[in-house]
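File shown: start_31.txt (compact mmCIF, C-alpha atoms).
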```txt
# COMPACT_ATOMS: atom_id res chain seq x y z
CA MET D 867 -64.07 11.77 -47.85
CA PHE D 868 -65.16 10.58 -51.22
CA VAL D 869 -64.41 11.90 -54.70
CA TYR D 870 -66.62 10.94 -57.63
CA GLU D 871 -65.21 9.50 -60.85
CA LYS D 872 -67.52 10.04 -63.80
CA LYS D 873 -67.39 6.47 -65.05
CA LEU D 874 -68.77 3.07 -64.09
CA GLN D 875 -66.54 0.29 -62.80
CA TYR D 876 -67.77 -1.94 -65.62
CA PRO D 877 -69.69 -0.87 -68.77
CA VAL D 878 -73.51 -0.98 -68.66
CA LYS D 879 -75.01 -0.79 -72.16
CA ILE D 880 -78.49 -2.29 -72.35
CA LYS D 881 -80.18 -2.14 -75.73
CA ASN D 882 -83.66 -3.49 -74.94
CA THR D 883 -86.19 -2.11 -72.50
CA ASN D 884 -87.45 -4.73 -70.03
CA PRO D 885 -89.45 -3.31 -67.10
CA LYS D 886 -90.24 -6.73 -65.68
CA LEU D 887 -86.54 -7.51 -65.30
CA ALA D 888 -85.93 -4.01 -63.89
CA ALA D 889 -88.50 -4.72 -61.17
CA LEU D 890 -86.43 -7.77 -60.12
CA ILE D 891 -82.94 -6.27 -60.40
CA ILE D 892 -83.92 -3.28 -58.22
CA SER D 893 -83.47 -5.72 -55.33
CA GLN D 894 -79.71 -5.42 -55.67
CA TYR D 895 -80.13 -1.64 -55.30
CA GLY D 896 -82.23 -1.61 -52.14
CA GLY D 897 -83.00 -5.20 -51.15
CA PRO D 898 -81.75 -7.07 -48.07
CA ASP D 899 -78.57 -8.31 -49.81
CA GLY D 900 -78.17 -5.39 -52.20
CA GLU D 901 -75.26 -3.07 -52.85
CA LEU D 902 -76.56 -0.18 -50.73
CA GLY D 903 -76.69 -2.40 -47.66
CA ALA D 904 -73.30 -3.90 -48.52
CA SER D 905 -71.69 -0.49 -48.77
CA LEU D 906 -73.24 0.89 -45.57
CA ARG D 907 -72.48 -2.30 -43.67
CA TYR D 908 -68.76 -2.19 -44.46
CA LEU D 909 -68.30 1.56 -44.31
CA SER D 910 -70.02 1.57 -40.90
CA GLN D 911 -68.30 -1.49 -39.44
CA ARG D 912 -64.85 -0.09 -40.15
CA PHE D 913 -65.02 2.52 -37.37
CA SER D 914 -64.69 -0.12 -34.66
CA MET D 915 -62.06 -2.23 -36.42
CA PRO D 916 -58.92 -2.49 -34.28
CA TYR D 917 -56.33 -3.40 -36.95
CA PRO D 918 -55.16 -1.36 -39.95
CA GLU D 919 -55.66 -4.24 -42.42
CA LEU D 920 -59.33 -4.40 -41.47
CA LYS D 921 -59.87 -0.64 -41.53
CA GLY D 922 -58.40 -0.63 -45.04
CA LEU D 923 -60.25 -3.70 -46.29
CA LEU D 924 -63.66 -2.46 -45.11
CA THR D 925 -63.01 1.02 -46.51
CA ASP D 926 -61.91 -0.32 -49.89
CA ILE D 927 -64.62 -2.97 -50.31
CA GLY D 928 -67.29 -0.55 -48.99
CA THR D 929 -66.16 2.00 -51.57
CA GLU D 930 -66.23 -0.57 -54.39
CA GLU D 931 -69.80 -1.47 -53.35
CA LEU D 932 -70.83 2.16 -53.91
CA GLY D 933 -69.62 1.73 -57.47
CA HIS D 934 -71.71 -1.44 -57.74
CA LEU D 935 -74.75 0.47 -56.47
CA GLU D 936 -74.25 2.90 -59.32
CA MET D 937 -74.03 0.04 -61.84
CA ILE D 938 -77.29 -1.50 -60.59
CA GLY D 939 -78.96 1.92 -60.81
CA ALA D 940 -77.69 2.22 -64.41
CA ILE D 941 -79.10 -1.22 -65.29
CA VAL D 942 -82.56 -0.41 -63.88
CA HIS D 943 -82.52 3.03 -65.51
CA GLN D 944 -81.69 1.60 -68.92
CA LEU D 945 -84.18 -1.27 -68.62
CA THR D 946 -86.98 1.28 -68.04
CA ARG D 947 -86.02 3.66 -70.85
CA ASP D 948 -88.85 4.94 -73.11
CA LEU D 949 -91.60 2.80 -71.57
CA THR D 950 -94.83 2.60 -73.54
CA ASP D 951 -98.27 2.87 -71.88
CA GLU D 952 -98.73 -0.81 -72.62
CA GLN D 953 -95.45 -1.77 -70.91
CA ILE D 954 -96.34 0.24 -67.82
CA LYS D 955 -99.63 -1.62 -67.46
CA THR D 956 -98.75 -5.15 -68.40
CA ALA D 957 -95.07 -5.82 -67.86
CA GLY D 958 -95.10 -6.46 -64.11
CA PHE D 959 -93.77 -2.97 -63.43
CA ASP D 960 -97.08 -1.29 -62.49
CA ALA D 961 -96.69 -1.56 -58.70
CA TYR D 962 -93.24 0.06 -58.81
CA PHE D 963 -94.37 2.61 -61.40
CA VAL D 964 -97.27 3.95 -59.34
CA ASP D 965 -94.92 4.92 -56.50
CA HIS D 966 -91.69 5.84 -58.32
CA THR D 967 -92.47 6.28 -62.05
CA ALA D 968 -89.12 5.38 -63.70
CA GLY D 969 -87.02 6.78 -60.86
CA ILE D 970 -84.49 4.63 -59.04
CA TYR D 971 -85.65 3.91 -55.48
CA PRO D 972 -83.88 1.62 -52.99
CA THR D 973 -86.36 -1.18 -52.46
CA ALA D 974 -86.45 -4.95 -52.50
CA ALA D 975 -88.10 -6.65 -55.49
CA SER D 976 -90.68 -7.96 -53.03
CA GLY D 977 -91.70 -4.35 -52.23
CA ALA D 978 -90.08 -3.63 -48.85
CA PRO D 979 -88.13 -0.36 -48.97
CA TRP D 980 -84.43 -0.45 -48.03
CA ASN D 981 -84.05 -1.11 -44.33
CA ALA D 982 -80.98 -1.05 -42.07
CA ALA D 983 -82.45 -4.10 -40.32
CA GLY D 984 -80.95 -6.09 -43.19
CA ILE D 985 -77.38 -5.22 -42.19
CA GLY D 986 -75.42 -5.78 -39.01
CA VAL D 987 -72.84 -3.70 -37.16
CA LYS D 988 -71.97 -5.55 -33.95
CA GLY D 989 -68.80 -3.74 -32.91
CA ASP D 990 -66.90 -7.04 -32.63
CA LEU D 991 -64.53 -8.02 -35.39
CA ILE D 992 -65.29 -11.75 -35.40
CA ALA D 993 -69.05 -11.13 -35.49
CA ASP D 994 -68.79 -8.38 -38.09
CA LEU D 995 -66.41 -10.16 -40.45
CA THR D 996 -68.39 -13.39 -40.17
CA GLU D 997 -71.51 -11.41 -41.11
CA ASP D 998 -69.60 -10.02 -44.08
CA LEU D 999 -68.73 -13.52 -45.30
CA ALA D 1000 -72.43 -14.43 -45.17
CA ALA D 1001 -73.42 -11.14 -46.83
CA GLU D 1002 -71.14 -11.80 -49.80
CA GLN D 1003 -72.64 -15.28 -50.21
CA LYS D 1004 -76.20 -13.95 -50.04
CA ALA D 1005 -75.44 -11.35 -52.70
CA ARG D 1006 -73.76 -14.03 -54.81
CA VAL D 1007 -76.92 -16.17 -54.64
CA THR D 1008 -79.10 -13.18 -55.60
CA TYR D 1009 -76.93 -12.69 -58.68
CA ASP D 1010 -77.19 -16.43 -59.46
CA ASN D 1011 -80.96 -16.07 -59.24
CA ILE D 1012 -80.98 -13.02 -61.51
CA LEU D 1013 -78.95 -15.02 -64.06
CA ARG D 1014 -81.62 -17.75 -63.85
CA LEU D 1015 -84.39 -15.20 -64.46
CA SER D 1016 -82.77 -13.06 -67.18
CA ASP D 1017 -82.19 -13.94 -70.82
CA ASP D 1018 -80.70 -10.59 -71.81
CA PRO D 1019 -76.94 -10.91 -72.46
CA ASP D 1020 -76.47 -7.13 -72.04
CA VAL D 1021 -77.75 -7.48 -68.47
CA ASN D 1022 -76.12 -10.82 -67.73
CA ASN D 1023 -72.66 -9.53 -68.66
CA VAL D 1024 -72.88 -7.02 -65.86
CA ILE D 1025 -74.51 -9.39 -63.38
CA LYS D 1026 -71.79 -11.95 -64.06
CA PHE D 1027 -69.14 -9.35 -63.26
CA LEU D 1028 -70.86 -8.32 -60.01
CA ARG D 1029 -71.26 -11.96 -59.00
CA ALA D 1030 -67.53 -12.55 -59.48
CA ARG D 1031 -66.80 -9.59 -57.19
CA GLU D 1032 -68.82 -11.20 -54.38
CA ILE D 1033 -66.57 -14.25 -54.55
CA VAL D 1034 -63.40 -12.15 -54.44
CA HIS D 1035 -64.75 -10.13 -51.49
CA PHE D 1036 -65.62 -13.33 -49.64
CA GLN D 1037 -62.02 -14.47 -50.04
CA ARG D 1038 -60.67 -11.14 -48.77
CA PHE D 1039 -62.96 -11.04 -45.73
CA GLY D 1040 -61.89 -14.60 -44.92
CA GLU D 1041 -58.25 -13.50 -45.14
CA GLY D 1042 -59.03 -10.47 -42.98
CA LEU D 1043 -60.43 -12.78 -40.32
CA ARG D 1044 -57.30 -14.90 -40.48
CA LEU D 1045 -54.99 -11.89 -40.14
CA ALA D 1046 -57.02 -10.69 -37.15
CA LYS D 1047 -56.88 -14.08 -35.48
CA ASP D 1048 -53.07 -14.01 -35.54
CA LYS D 1049 -53.20 -10.86 -33.42
CA MET D 1050 -55.69 -12.21 -30.89
CA SER D 1051 -55.21 -14.47 -27.86
CA GLU D 1052 -53.80 -17.74 -29.15
CA LYS D 1053 -55.49 -19.77 -26.44
CA ASN D 1054 -58.94 -18.24 -26.65
CA ILE D 1055 -59.92 -15.85 -29.42
CA TYR D 1056 -63.13 -15.10 -27.52
CA TYR D 1057 -61.27 -14.00 -24.38
CA MET D 1058 -61.98 -10.35 -25.10
CA ASN D 1059 -63.30 -8.11 -27.87
CA PRO D 1060 -60.31 -6.31 -29.42
CA SER D 1061 -62.74 -3.87 -31.05
CA PHE D 1062 -63.75 -2.67 -27.56
CA ASP D 1063 -61.58 -3.95 -24.70
CA GLN D 1064 -58.18 -2.33 -24.29
CA MET F 681 -51.32 -28.66 -32.45
CA TYR F 682 -50.82 -31.83 -34.50
CA ASN F 683 -49.23 -34.86 -32.85
CA GLU F 684 -47.36 -37.06 -35.37
CA SER F 685 -47.30 -40.18 -33.18
CA THR F 686 -50.98 -40.22 -32.25
CA ASN F 687 -52.15 -38.77 -35.57
CA ALA F 688 -54.39 -36.38 -33.62
CA CYS F 689 -54.98 -32.71 -33.01
CA GLY F 690 -54.88 -31.05 -29.56
CA THR F 691 -57.91 -30.56 -27.33
CA MET F 692 -58.50 -27.03 -28.59
CA ASP F 693 -57.94 -27.96 -32.23
CA GLY F 694 -59.91 -29.55 -35.00
CA ARG F 695 -58.65 -31.03 -38.22
CA LEU F 696 -58.23 -29.04 -41.42
CA PRO F 697 -57.04 -30.71 -44.63
CA GLY F 698 -53.40 -31.54 -43.91
CA LYS F 699 -53.16 -29.95 -40.46
CA CYS F 700 -54.85 -28.84 -37.28
CA ALA F 701 -56.39 -25.49 -36.40
CA SER F 702 -58.43 -23.83 -33.62
CA MET F 703 -62.02 -24.91 -33.42
CA VAL F 704 -64.96 -22.44 -33.52
CA PHE F 705 -63.34 -20.29 -36.16
CA PRO F 706 -64.13 -20.22 -39.87
CA TYR F 707 -61.21 -20.84 -42.21
CA VAL F 708 -60.65 -19.35 -45.62
CA PRO F 709 -57.13 -20.18 -46.83
CA MET F 710 -54.86 -17.20 -47.50
CA GLN F 711 -54.26 -16.71 -51.21
CA THR F 712 -50.60 -17.53 -51.78
CA ASN F 713 -48.17 -14.70 -52.56
CA ASN F 714 -47.48 -13.54 -56.09
CA PRO F 715 -50.57 -15.30 -57.49
CA GLN F 716 -51.13 -15.83 -61.20
CA VAL F 717 -52.98 -12.88 -62.80
CA TYR F 718 -54.87 -12.23 -66.03
CA GLU F 719 -53.95 -9.21 -68.11
CA GLN F 720 -56.22 -6.31 -67.21
CA THR F 721 -58.90 -6.58 -69.93
CA GLU F 722 -59.39 -10.29 -69.30
CA GLY F 723 -59.55 -9.46 -65.60
CA LEU F 724 -62.31 -6.89 -66.12
CA GLU F 725 -64.20 -9.34 -68.33
CA ASN F 726 -64.04 -12.07 -65.70
CA GLY F 727 -64.70 -9.83 -62.70
CA THR F 728 -61.40 -10.85 -61.09
CA LEU F 729 -57.74 -10.45 -61.92
CA PHE F 730 -56.99 -13.86 -60.40
CA PRO F 731 -57.67 -17.11 -62.32
CA GLY F 732 -57.77 -18.89 -58.94
CA LEU F 733 -60.80 -16.85 -57.85
CA ASN F 734 -62.67 -17.11 -61.14
CA LEU F 735 -65.57 -19.45 -60.37
CA PRO F 736 -68.38 -18.75 -62.85
CA PHE F 737 -72.03 -19.82 -62.58
CA GLN F 738 -73.34 -22.53 -64.91
CA LYS F 739 -76.09 -20.32 -66.37
CA GLU F 740 -73.83 -17.72 -67.90
CA ILE F 741 -70.81 -18.93 -69.79
CA LYS F 742 -71.21 -16.94 -73.01
CA ALA F 743 -71.46 -13.39 -71.64
CA ARG F 744 -68.65 -11.12 -72.76
CA LEU F 745 -67.54 -7.61 -71.99
CA ASN F 746 -69.90 -5.27 -73.83
CA CYS F 747 -67.62 -2.49 -74.96
CA ASN F 748 -68.27 0.03 -77.68
CA ASN F 749 -66.04 2.74 -76.27
CA ALA F 750 -62.56 1.26 -76.49
CA PRO F 751 -60.59 4.06 -74.76
CA LEU F 752 -63.01 4.07 -71.81
CA CYS F 753 -62.95 0.29 -71.53
CA GLU F 754 -59.15 0.28 -71.55
CA LEU F 755 -59.20 2.77 -68.72
CA MET F 756 -61.81 0.70 -66.84
CA ALA F 757 -59.58 -2.35 -67.21
CA LEU F 758 -56.59 -0.51 -65.75
CA ASP F 759 -58.69 0.86 -62.92
CA PHE F 760 -60.07 -2.59 -62.27
CA ALA F 761 -56.57 -4.04 -61.93
CA VAL F 762 -55.77 -1.24 -59.46
CA VAL F 763 -58.89 -1.95 -57.35
CA GLU F 764 -58.37 -5.72 -57.40
CA LEU F 765 -54.68 -5.53 -56.49
CA GLY F 766 -55.50 -2.96 -53.81
CA LEU F 767 -57.86 -5.38 -52.07
CA TYR F 768 -55.29 -8.16 -52.41
CA LEU F 769 -52.61 -5.96 -50.85
CA ASP F 770 -54.93 -5.07 -47.95
CA THR F 771 -54.51 -8.68 -46.82
CA HIS F 772 -51.03 -9.30 -48.35
CA LYS F 773 -49.09 -6.14 -47.62
CA GLU F 774 -45.74 -8.02 -47.62
CA ASP F 775 -46.09 -9.33 -51.19
CA GLN F 776 -43.46 -7.28 -53.04
CA GLU F 777 -44.21 -8.71 -56.50
CA ALA F 778 -47.88 -7.80 -56.16
CA PHE F 779 -46.93 -4.36 -54.89
CA ALA F 780 -44.66 -3.82 -57.92
CA LEU F 781 -47.56 -4.81 -60.18
CA TYR F 782 -49.81 -2.41 -58.27
CA GLN F 783 -47.31 0.40 -58.78
CA LYS F 784 -47.20 -0.37 -62.48
CA TYR F 785 -50.99 -0.36 -62.87
CA VAL F 786 -51.47 2.81 -60.84
CA ALA F 787 -48.92 4.60 -63.06
CA LEU F 788 -50.63 3.31 -66.22
CA TYR F 789 -54.01 4.36 -64.86
CA HIS F 790 -52.92 7.92 -64.11
CA GLU F 791 -51.34 8.22 -67.53
CA GLY F 792 -54.41 6.74 -69.24
CA LYS F 793 -56.81 8.92 -67.25
CA ALA F 794 -54.98 12.13 -68.22
CA LYS F 795 -55.01 11.14 -71.89
CA TYR F 796 -58.66 10.15 -71.78
CA GLU F 797 -59.73 13.37 -70.09
CA LYS F 798 -57.95 15.48 -72.72
CA LEU F 799 -59.97 13.79 -75.45
CA TYR F 800 -63.33 13.11 -73.81
CA GLY F 801 -63.72 15.46 -70.86
CA PRO F 802 -63.18 15.24 -67.11
CA LEU F 803 -63.61 12.07 -65.06
CA THR F 804 -63.12 13.97 -61.84
CA GLN F 805 -64.63 17.39 -61.26
CA THR F 806 -61.33 19.20 -60.63
CA THR F 807 -60.01 18.19 -64.06
CA ALA F 808 -62.53 20.69 -65.47
CA ALA F 809 -60.13 23.39 -64.25
CA GLN F 810 -57.72 22.42 -67.05
CA SER F 811 -60.34 23.18 -69.68
CA SER F 812 -61.15 26.62 -71.15
CA SER F 813 -64.70 26.35 -69.80
CA TYR F 814 -66.50 24.38 -67.06
CA ASN F 815 -67.10 21.10 -68.87
CA TRP F 816 -67.87 18.80 -65.92
CA LEU F 817 -71.60 18.84 -66.67
CA GLU F 818 -71.44 17.63 -70.25
CA ASN F 819 -73.38 14.52 -71.23
CA PRO F 820 -73.11 11.59 -71.26
CA TRP F 821 -73.14 10.72 -67.57
CA PRO F 822 -72.11 7.15 -66.80
CA TRP F 823 -75.67 5.76 -66.61
CA ASP F 824 -76.77 7.43 -69.85
CA TYR F 825 -77.14 5.02 -72.72
CA VAL F 826 -79.77 5.41 -75.37
CA GLY F 827 -78.94 2.40 -77.50
CA GLY F 828 -76.96 2.18 -80.72
CA THR F 829 -73.34 3.22 -80.51
CA LYS F 830 -73.76 6.23 -78.19
```

Would you give me this structure, written as structure tokens?
Amino acid sequence: MFVYEKKLQYPVKIKNTNPKLAALIISQYGGPDGELGASLRYLSQRFSMPYPELKGLLTDIGTEELGHLEMIGAIVHQLTRDLTDEQIKTAGFDAYFVDHTAGIYPTAASGAPWNAAGIGVKGDLIADLTEDLAAEQKARVTYDNILRLSDDPDVNNVIKFLRAREIVHFQRFGEGLRLAKDKMSEKNIYYMNPSFDQ
Amino acid sequence: MYNESTNACGTMDGRLPGKCASMVFPYVPMQTNNPQVYEQTEGLENGTLFPGLNLPFQKEIKARLNCNNAPLCELMALDFAVVELGLYLDTHKEDQEAFALYQKYVALYHEGKAKYEKLYGPLTQTTAAQSSSYNWLENPWPWDYVGGTK
């Protein structure tokens, strides 16, 4: 089960409203490489993991990603605080506004709503952990791109933190794959699927 | 398997820097045991407790932890060290030094959380039971920020 802690993992304090930037950052809430997908990917993959290290790692990283989802929601919420009529019409936020006002909705910046097609659960530890390595890199690149697009240090502080987490998670998933390999057939790691075959 | 005399890897192996390893398998080196760590606030600021995993992007070198609530940030830093060491231990459960550090940070976090909650209200819903009234609902919630020092 999950218990909520009434705090963010890292402080989000954004002074200036910027709906245009909010309309881009929402992608890390509900886009293809966003935190919602990350969390559901890991928390779902863990059920078929055969080794305790991998059950733990996917549980713990999946849980941290839920905290990141909350941070992204806080960024978008604060960037759309007290919008003026003029900002709604001209700041590149109108398409989002017409559907969601200033609510936080899981969607990609390009407009596609969150979709499980963007995540993979294959039920095979090599396939799943290799997907996770790629997922962390894709999220890292999205954060790089946000840093290229944003000039607001209040936002970039948080994005920088989240980007660093992607790199750490990549390392841990790589280590998880290594630990798993040591428990698999030395001659042929593809001989069977330890997530399924007994 | 590496053969010293022929300077070659076995049929099933490919070459990694310094040694041989199975082909068709991606390799991320294991972080070595008892790695160097930042103190917790620097860790939170950098997004990792480990200098070896701190690889920033060129665009953002000046950004710094934006903290105007010192007690909360101190608690976040302790919690961050706990989370980071927890992930490390998931793949390094035999590292006793790291486990000792984890024990230390978990103890500091619990102590800090209890102190914080006495002054500023509950961080977990059940802590409201220690108050004279149900104070779980009180603002601010974590995403609330209206500018200024609030």

Report as a ChimeraX atom specification the set of chain F residues whose atoms approach chain D to within 8 Å, with distances computed over only C-alpha atoms.
-> /F:706-711,724-728,733-737,739-740,743-747,753,756,759-760,766-768,770-771,802-805,821-828

With only C-alpha atoms as the basis for distance, which of F:Glu777, F:Ser702, F:Val762, F:Ala750 is at the shortest distance from F:Gly690?
->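 For F:Gly690, the nearest of the candidates is F:Ser702.
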
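Using all atoms listed in the file, the nearest neighbour of F:Val763 within the list D:Thr973, D:Thr1008, D:Ser1051, D:Thr929 is D:Thr929.
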
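Reported to one decimal place, the separation of atom CA of D:Ala982 from atom CA of D:Ala1005 is 15.8 Å.
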
For the atom pair atom CA of D:Ala1000 and atom CA of F:Gln716, what is the interatomic distance in Å to one decimal place?
-> 26.7 Å

One decimal, Å: what's the distance from atom CA of F:Gln776 over to atom CA of F:Asn713, could you say?
->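 These atoms are spaced 8.8 Å apart.
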
So which residues touch D:Gly989 within 7 Å, counting all atoms listed in the file, skipping near sequence neighbours fewer than 3 positions away, as a PyMOL selection string?
-> chain D and resi 911+914+994+1061

Output, as AutoDock Vina command-line options, the centre and edge lengths in Å (one decimal) of the axis-aligned box that contains all listed atoms of stretch 901-911 of chain D with 5 Å of margin on each side.
```
--center_x -72.5 --center_y -1.2 --center_z -46.1 --size_x 18.4 --size_y 15.5 --size_z 23.4
```

Find the spatial neighbours of F:Tyr785, counting only C-alpha atoms, within a cut-off of 12 Å - ignore same-chain residues fewer than 6 positions away - and output them as a ChimeraX atom specification.
-> /F:719-720,754-766,778-779,791-793

Between F:Leu696, F:Lys773, F:Ala794, F:Tyr782, which one has atoms that come closest to F:Val717, using only C-alpha atoms?
->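 Of F:Leu696, F:Lys773, F:Ala794, F:Tyr782, the one nearest F:Val717 is F:Tyr782, counting only C-alpha atoms.
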
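Minimum atom-to-atom distance to F:Thr721, evaluated using only C-alpha atoms, belongs to F:Leu752 out of F:Pro820, F:Leu752, F:Gln738, F:Asp693.
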